[in-house]
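Have a look at the structure below, then the notes.
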Amino acid sequence: MEASKKSQVMLRAFSSRNFRLYYAGQAISLIGTSMTQVATSWLVYRLTDSAWLLGLVGFASQIPTLVLIPLGGIVADRTNRHRILLVAQVLGMLQSLALTWLALSGIINVWQIALLGVLQGIINAFDIPTRQAFLPETVSKENLGNAIALYSSLVSVSVMLGPAIAGILIAATGSGACFLIDTISYIAVIIALLAMNLAPKKAVISTRKPLEELKTSFNYAFGFLPIRSVLIGSALVCCVWGFYLALGPIFAKEILQGGPNTFGFLMTASSLGTLAGGIYLTKHSNVLESGKVLALGIGFMGISLIVFALSRMFWLSLLSLFAAGFGFILQIIAGRTLLQLLVSDRNRGQITGLYVMASTGAVPIGNLIAGALASKIGSSNTIILGASICVAGSIFFKQQISAFSNLVRLNLYAEGS
């Protein structure tokens, strides 16, 4: 009986049919996406044998998201979000189809990978903020925190399964098979979106120019300590996480003397950690404790990555990445939940856009920095440097927890009254 009650608490967001559809579609598509990410990194390093180009391609594929994400947030607030998501999925499927054809035909090269990555980055600039702003439309407000934790756990599972499958397929047939599966997986999201029964929703009508809208949202976000802390903390952990993502193939091949399967296992270990963190937060969703969770996540990830950088044993590398993934997702889920509860629907897309710019957009910067530093000071020292900054950031943030929690409490009280 007790176990049944706990299960109902952990899965309460599934009472919404729209959320179930959204979750099911994403479950299939995200596995394909994570397979493509691993296959692309391994393919670039195999073609170039260059840490610099590995980081550069990662930067090129994600920098459009960083630049265009504010515009994507404004569009998400002024346009039907459901329609935006449908268009983005179709365009993403076509981009993945082009990558598949080039890889399977054997004519693919680095500049083609980079160009298609840029195109995907442009699509993501509109898809990601819309997807996050759309999530509250699929579930009731009281179950929103649970829905975010469940969705983040889904991402963790997908990123865990995707690399493991990708490692096997790359070794057996090459990267093209991974790209093909990703192309097919887009169909699941499109079907799920079309099957939803959504209440009519009016788009926000604003007479202000986009730049004025962006300035207003920017001033609000960085003038309010809780949201500012979420944005800065997410930017920090995602930038340093970008170090690991960019240099992972080097650790697998050069330091641990492995191959694509080794890289897949490393990615799976970190994903298992994020899964564990997501499950943990489905049962512990006290938003007033968000400040402590944010600080803990940043520091725990930093310490774990230092251990990973120093490790020369496969089992220790796996264990440290599991811990790093746990710390990473604590910060991400707590930040997303807090953000969705504190902002209004009128500017949800714009504030979400700023969050994505600070988090997802920070990854390409981490890719670029990692590639440049690794060519000068080595991969291990690069990870240690970034992780040390995380630890310092965690200590600094802990000093602001009291003021942070008081502001969150006052804001939530004002919203409820």
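Please note that chains go A, B, ... in the order of the structure tokens, that every chain numbers its residues from 1, and that ligands are numbered from 1 in the order shown.
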
Please, which residues in range 90-168 of chain A fall within 7 Å of range 24-36 of chain A when counting only C-alpha atoms, and what is the closest atom pair and distance in Å to one decimal for each, ordered by chain then residue number, as a tab-separated table?
```
residue	atom	partner	partner_atom	distance
A:Leu154	CA	A:Ala27	CA	6.4
A:Val155	CA	A:Leu30	CA	6.7
A:Ser158	CA	A:Ile31	CA	4.5
A:Val159	CA	A:Ser34	CA	5.3
A:Leu161	CA	A:Ile31	CA	6.6
A:Gly162	CA	A:Met35	CA	4.6
A:Pro163	CA	A:Met35	CA	5.5
A:Ala166	CA	A:Met35	CA	5.2
```

Exercise for review: Would you return as an NGL selection string the members of range 196-318 of chain A that DSSP assigns to alpha helix (DSSP H) on this structure's backbone?
Suggested key: :A and (210-223 or 225-250 or 260-283 or 290-310 or 314-318)

Between range 7-82 of chain A and range 361-374 of chain A, at 9 Å or less, what are the per-residue closest atom pairs and their distances in Å? Count only C-alpha atoms, order by chain and rising residue number, and return it as JSON lines.
```
{"residue": "A:Ser50", "atom": "CA", "partner": "A:Gly371", "partner_atom": "CA", "distance": 8.7}
{"residue": "A:Ala51", "atom": "CA", "partner": "A:Gly371", "partner_atom": "CA", "distance": 5.3}
{"residue": "A:Trp52", "atom": "CA", "partner": "A:Gly371", "partner_atom": "CA", "distance": 4.4}
{"residue": "A:Leu53", "atom": "CA", "partner": "A:Gly371", "partner_atom": "CA", "distance": 7.3}
{"residue": "A:Leu54", "atom": "CA", "partner": "A:Gly371", "partner_atom": "CA", "distance": 6.8}
{"residue": "A:Gly55", "atom": "CA", "partner": "A:Gly371", "partner_atom": "CA", "distance": 4.5}
{"residue": "A:Leu56", "atom": "CA", "partner": "A:Leu368", "partner_atom": "CA", "distance": 5.6}
{"residue": "A:Val57", "atom": "CA", "partner": "A:Asn367", "partner_atom": "CA", "distance": 8.4}
{"residue": "A:Gly58", "atom": "CA", "partner": "A:Asn367", "partner_atom": "CA", "distance": 5.8}
{"residue": "A:Phe59", "atom": "CA", "partner": "A:Pro364", "partner_atom": "CA", "distance": 4.1}
{"residue": "A:Ala60", "atom": "CA", "partner": "A:Pro364", "partner_atom": "CA", "distance": 7.3}
{"residue": "A:Ser61", "atom": "CA", "partner": "A:Pro364", "partner_atom": "CA", "distance": 7.6}
{"residue": "A:Gln62", "atom": "CA", "partner": "A:Pro364", "partner_atom": "CA", "distance": 5.3}
{"residue": "A:Ile63", "atom": "CA", "partner": "A:Pro364", "partner_atom": "CA", "distance": 6.0}
{"residue": "A:Pro64", "atom": "CA", "partner": "A:Gly361", "partner_atom": "CA", "distance": 8.5}
{"residue": "A:Thr65", "atom": "CA", "partner": "A:Gly361", "partner_atom": "CA", "distance": 6.0}
{"residue": "A:Leu66", "atom": "CA", "partner": "A:Gly361", "partner_atom": "CA", "distance": 4.3}
{"residue": "A:Val67", "atom": "CA", "partner": "A:Gly361", "partner_atom": "CA", "distance": 8.1}
{"residue": "A:Ile69", "atom": "CA", "partner": "A:Gly361", "partner_atom": "CA", "distance": 8.3}
```

What's the 9 Å shell around Ser229 in chain A, counting only C-alpha atoms, without same-chain residues fewer than 4 positions away, as a PyMOL selection string?
-> chain A and resi 222+224-225+233-234+291+294+335+397+404

Go ahead and dump the residues you just picked, N, CA and C atoms, as a compact mmCIF listing (two decimals), in the first residue's frame.
```
# COMPACT_ATOMS: atom_id res chain seq x y z
N PHE A 222 17.25 39.33 -14.65
CA PHE A 222 18.51 39.57 -13.94
C PHE A 222 18.35 40.54 -12.77
N PHE A 224 15.94 39.94 -10.51
CA PHE A 224 15.29 39.12 -9.48
C PHE A 224 16.25 37.99 -9.12
N LEU A 225 16.76 37.99 -7.89
CA LEU A 225 17.83 37.08 -7.47
C LEU A 225 17.56 35.61 -7.78
N GLY A 233 23.73 29.94 -12.70
CA GLY A 233 24.12 28.58 -12.33
C GLY A 233 24.01 27.61 -13.48
N SER A 234 22.94 27.72 -14.26
CA SER A 234 22.76 26.84 -15.42
C SER A 234 23.83 27.09 -16.48
N GLY A 291 17.26 26.67 -3.57
CA GLY A 291 18.58 27.28 -3.45
C GLY A 291 19.64 26.29 -3.01
N LEU A 294 20.33 23.84 -5.90
CA LEU A 294 21.14 24.45 -6.95
C LEU A 294 22.62 24.46 -6.56
N GLY A 335 16.29 24.28 -11.26
CA GLY A 335 16.22 25.56 -11.96
C GLY A 335 15.01 25.66 -12.87
N PHE A 397 27.65 30.68 -4.15
CA PHE A 397 26.19 30.66 -4.19
C PHE A 397 25.59 30.30 -2.84
N PHE A 404 17.87 34.17 -1.16
CA PHE A 404 17.23 33.47 -2.28
C PHE A 404 15.90 32.85 -1.84
```

Margin query: Show me, as a PyMOL selection string, the residues that have an atom within 9 Å of Ala309 in chain A when counting only C-alpha atoms, minus same-chain residues fewer than 2 positions from it.
Written below: chain A and resi 251+304-307+311-312+317+379-384

Atoms kept (N, CA, C and O atoms) for selection, written as a CSV table (one decimal), in the first residue's frame:
```csv
chain,number,residue,atom,x,y,z
A,251,PHE,N,39.0,11.2,-24.1
A,251,PHE,CA,39.2,10.4,-22.9
A,251,PHE,C,39.0,8.9,-23.2
A,251,PHE,O,39.7,8.0,-22.7
A,304,SER,N,33.1,15.8,-8.8
A,304,SER,CA,33.1,14.5,-9.6
A,304,SER,C,33.8,14.6,-10.9
A,304,SER,O,34.5,13.6,-11.3
A,305,LEU,N,33.8,15.7,-11.6
A,305,LEU,CA,34.5,15.9,-12.8
A,305,LEU,C,36.0,16.0,-12.6
A,305,LEU,O,36.8,15.5,-13.4
A,306,ILE,N,36.4,16.5,-11.5
A,306,ILE,CA,37.8,16.5,-11.1
A,306,ILE,C,38.3,15.1,-11.0
A,306,ILE,O,39.4,14.7,-11.5
A,307,VAL,N,37.6,14.3,-10.3
A,307,VAL,CA,37.9,12.9,-10.1
A,307,VAL,C,38.0,12.2,-11.5
A,307,VAL,O,38.9,11.4,-11.8
A,311,SER,N,41.3,10.3,-13.2
A,311,SER,CA,41.2,8.9,-13.3
A,311,SER,C,41.9,8.3,-14.5
A,311,SER,O,41.8,8.9,-15.6
A,312,ARG,N,42.5,7.2,-14.3
A,312,ARG,CA,43.1,6.4,-15.5
A,312,ARG,C,42.5,4.9,-15.4
A,312,ARG,O,43.0,4.1,-16.1
A,317,SER,N,36.3,6.0,-13.7
A,317,SER,CA,35.8,7.0,-14.7
A,317,SER,C,34.3,6.9,-14.8
A,317,SER,O,33.5,7.9,-14.8
A,379,SER,N,43.7,17.5,-22.2
A,379,SER,CA,42.3,17.3,-21.9
A,379,SER,C,42.0,17.2,-20.4
A,379,SER,O,41.0,17.8,-19.9
A,380,SER,N,42.8,16.5,-19.7
A,380,SER,CA,42.6,16.4,-18.2
A,380,SER,C,42.7,17.7,-17.5
A,380,SER,O,41.8,18.0,-16.7
A,381,ASN,N,43.7,18.5,-17.8
A,381,ASN,CA,43.8,19.8,-17.2
A,381,ASN,C,42.7,20.7,-17.5
A,381,ASN,O,42.2,21.6,-16.7
A,382,THR,N,42.1,20.6,-18.7
A,382,THR,CA,41.0,21.4,-19.1
A,382,THR,C,39.8,21.1,-18.3
A,382,THR,O,39.1,22.0,-17.8
A,383,ILE,N,39.5,19.8,-18.1
A,383,ILE,CA,38.3,19.4,-17.3
A,383,ILE,C,38.5,19.9,-15.9
A,383,ILE,O,37.6,20.4,-15.2
A,384,ILE,N,39.7,19.7,-15.3
A,384,ILE,CA,40.0,20.1,-13.9
A,384,ILE,C,39.8,21.6,-13.8
A,384,ILE,O,39.2,22.1,-12.8
```

Contacts of range 268-270 of chain A at 6 Å (only C-alpha atoms; same-chain gap of 3+ positions) as a PyMOL selection string: chain A and resi 160+265+273+318+321-322+325

Export of prior selection with C-alpha atoms as a compact mmCIF listing (two decimals), in the first residue's frame:
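File produced: again_29.txt:
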```txt
# COMPACT_ATOMS: atom_id res chain seq x y z
CA MET A 160 21.69 6.70 -21.40
CA PHE A 265 29.65 3.57 -21.79
CA GLY A 273 23.54 9.69 -12.86
CA LEU A 318 32.31 5.47 -14.89
CA LEU A 321 30.66 10.42 -14.34
CA PHE A 322 27.63 8.86 -12.64
CA GLY A 325 25.50 13.46 -13.92
```

For Val237 in chain A, which residue among A:Ala125, A:Gly297, A:Leu266, A:Leu272 is the nearest when counting only C-alpha atoms?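 Distance minimum relative to Val237 in chain A lands on A:Gly297.
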
Exercise. Fewer than 4 positions away in the same chain doesn't count, so skip those; otherwise give me all residues within 10 Å of Ile168 in chain A, counting only C-alpha atoms, as a list in words.
Key: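 Residues near the query, excluding close chain neighbours: Pro163, Ala164, Ala172, Thr173, Gly174, Cys178, Pro260, Asn261 and Gly264 of chain A.
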
Output N, CA and C atoms of each residue in that selection to a file, as a compact mmCIF listing (two decimals), in the first residue's frame.
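As written to disk, out-v5.txt reads:
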```txt
# COMPACT_ATOMS: atom_id res chain seq x y z
N PRO A 163 23.52 6.61 -26.36
CA PRO A 163 24.94 6.35 -26.54
C PRO A 163 25.30 4.87 -26.53
N ALA A 164 24.63 4.09 -25.66
CA ALA A 164 24.93 2.66 -25.61
C ALA A 164 24.58 1.99 -26.95
N ALA A 172 29.58 -1.60 -35.44
CA ALA A 172 29.11 -2.65 -36.36
C ALA A 172 28.91 -2.15 -37.78
N THR A 173 28.28 -0.98 -37.92
CA THR A 173 27.90 -0.52 -39.26
C THR A 173 28.34 0.90 -39.60
N GLY A 174 28.70 1.70 -38.61
CA GLY A 174 29.08 3.08 -38.87
C GLY A 174 28.03 4.05 -38.36
N CYS A 178 22.89 5.32 -37.09
CA CYS A 178 22.39 6.16 -35.99
C CYS A 178 21.59 7.34 -36.54
N PRO A 260 34.66 3.22 -29.70
CA PRO A 260 33.32 3.81 -29.62
C PRO A 260 32.47 3.23 -28.52
N ASN A 261 32.66 1.94 -28.22
CA ASN A 261 31.90 1.34 -27.11
C ASN A 261 32.27 1.98 -25.78
N GLY A 264 30.57 5.25 -25.56
CA GLY A 264 29.16 5.02 -25.27
C GLY A 264 28.92 4.71 -23.81
```

Which one is closest to Leu247 in chain A: A:Ser388, A:Ser271, A:Ser375, A:Ser394? Count only C-alpha atoms.
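Residue with the minimum atom-to-atom distance to Leu247 in chain A: A:Ser375.
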
inquiry  = Using only C-alpha atoms, which protein or nucleic acid residues come within 10 Å of Ala295 in chain A? Drop anything in the same chain fewer than 3 positions from it, and give the result as a PyMOL selection string.
reply    = chain A and resi 229+233+290-292+298-300+327+330-331+390-391+393-401

- Nearest residue to Leu198 in chain A from the set A:Arg46, A:Arg12, A:Arg83, A:Arg348 (distances using only C-alpha atoms):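 Distance minimum relative to Leu198 in chain A lands on A:Arg83.
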
Separation of CA of Ser153 in chain A from CA of Ala324 in chain A, in Å and rounded to one decimal
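So the answer is 15.2 Å.
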
Work out how far apart CA of Gly223 in chain A and CA of Ala334 in chain A are and give it in Å to one decimal.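 CA of Ala334 in chain A lies at a distance of 19.5 Å from CA of Gly223 in chain A.
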
Could you jot down the CA of Phe243 in chain A to CA of Ala358 in chain A separation for me, Å, one decimal place?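 Separation of CA of Phe243 in chain A and CA of Ala358 in chain A: 15.5 Å.
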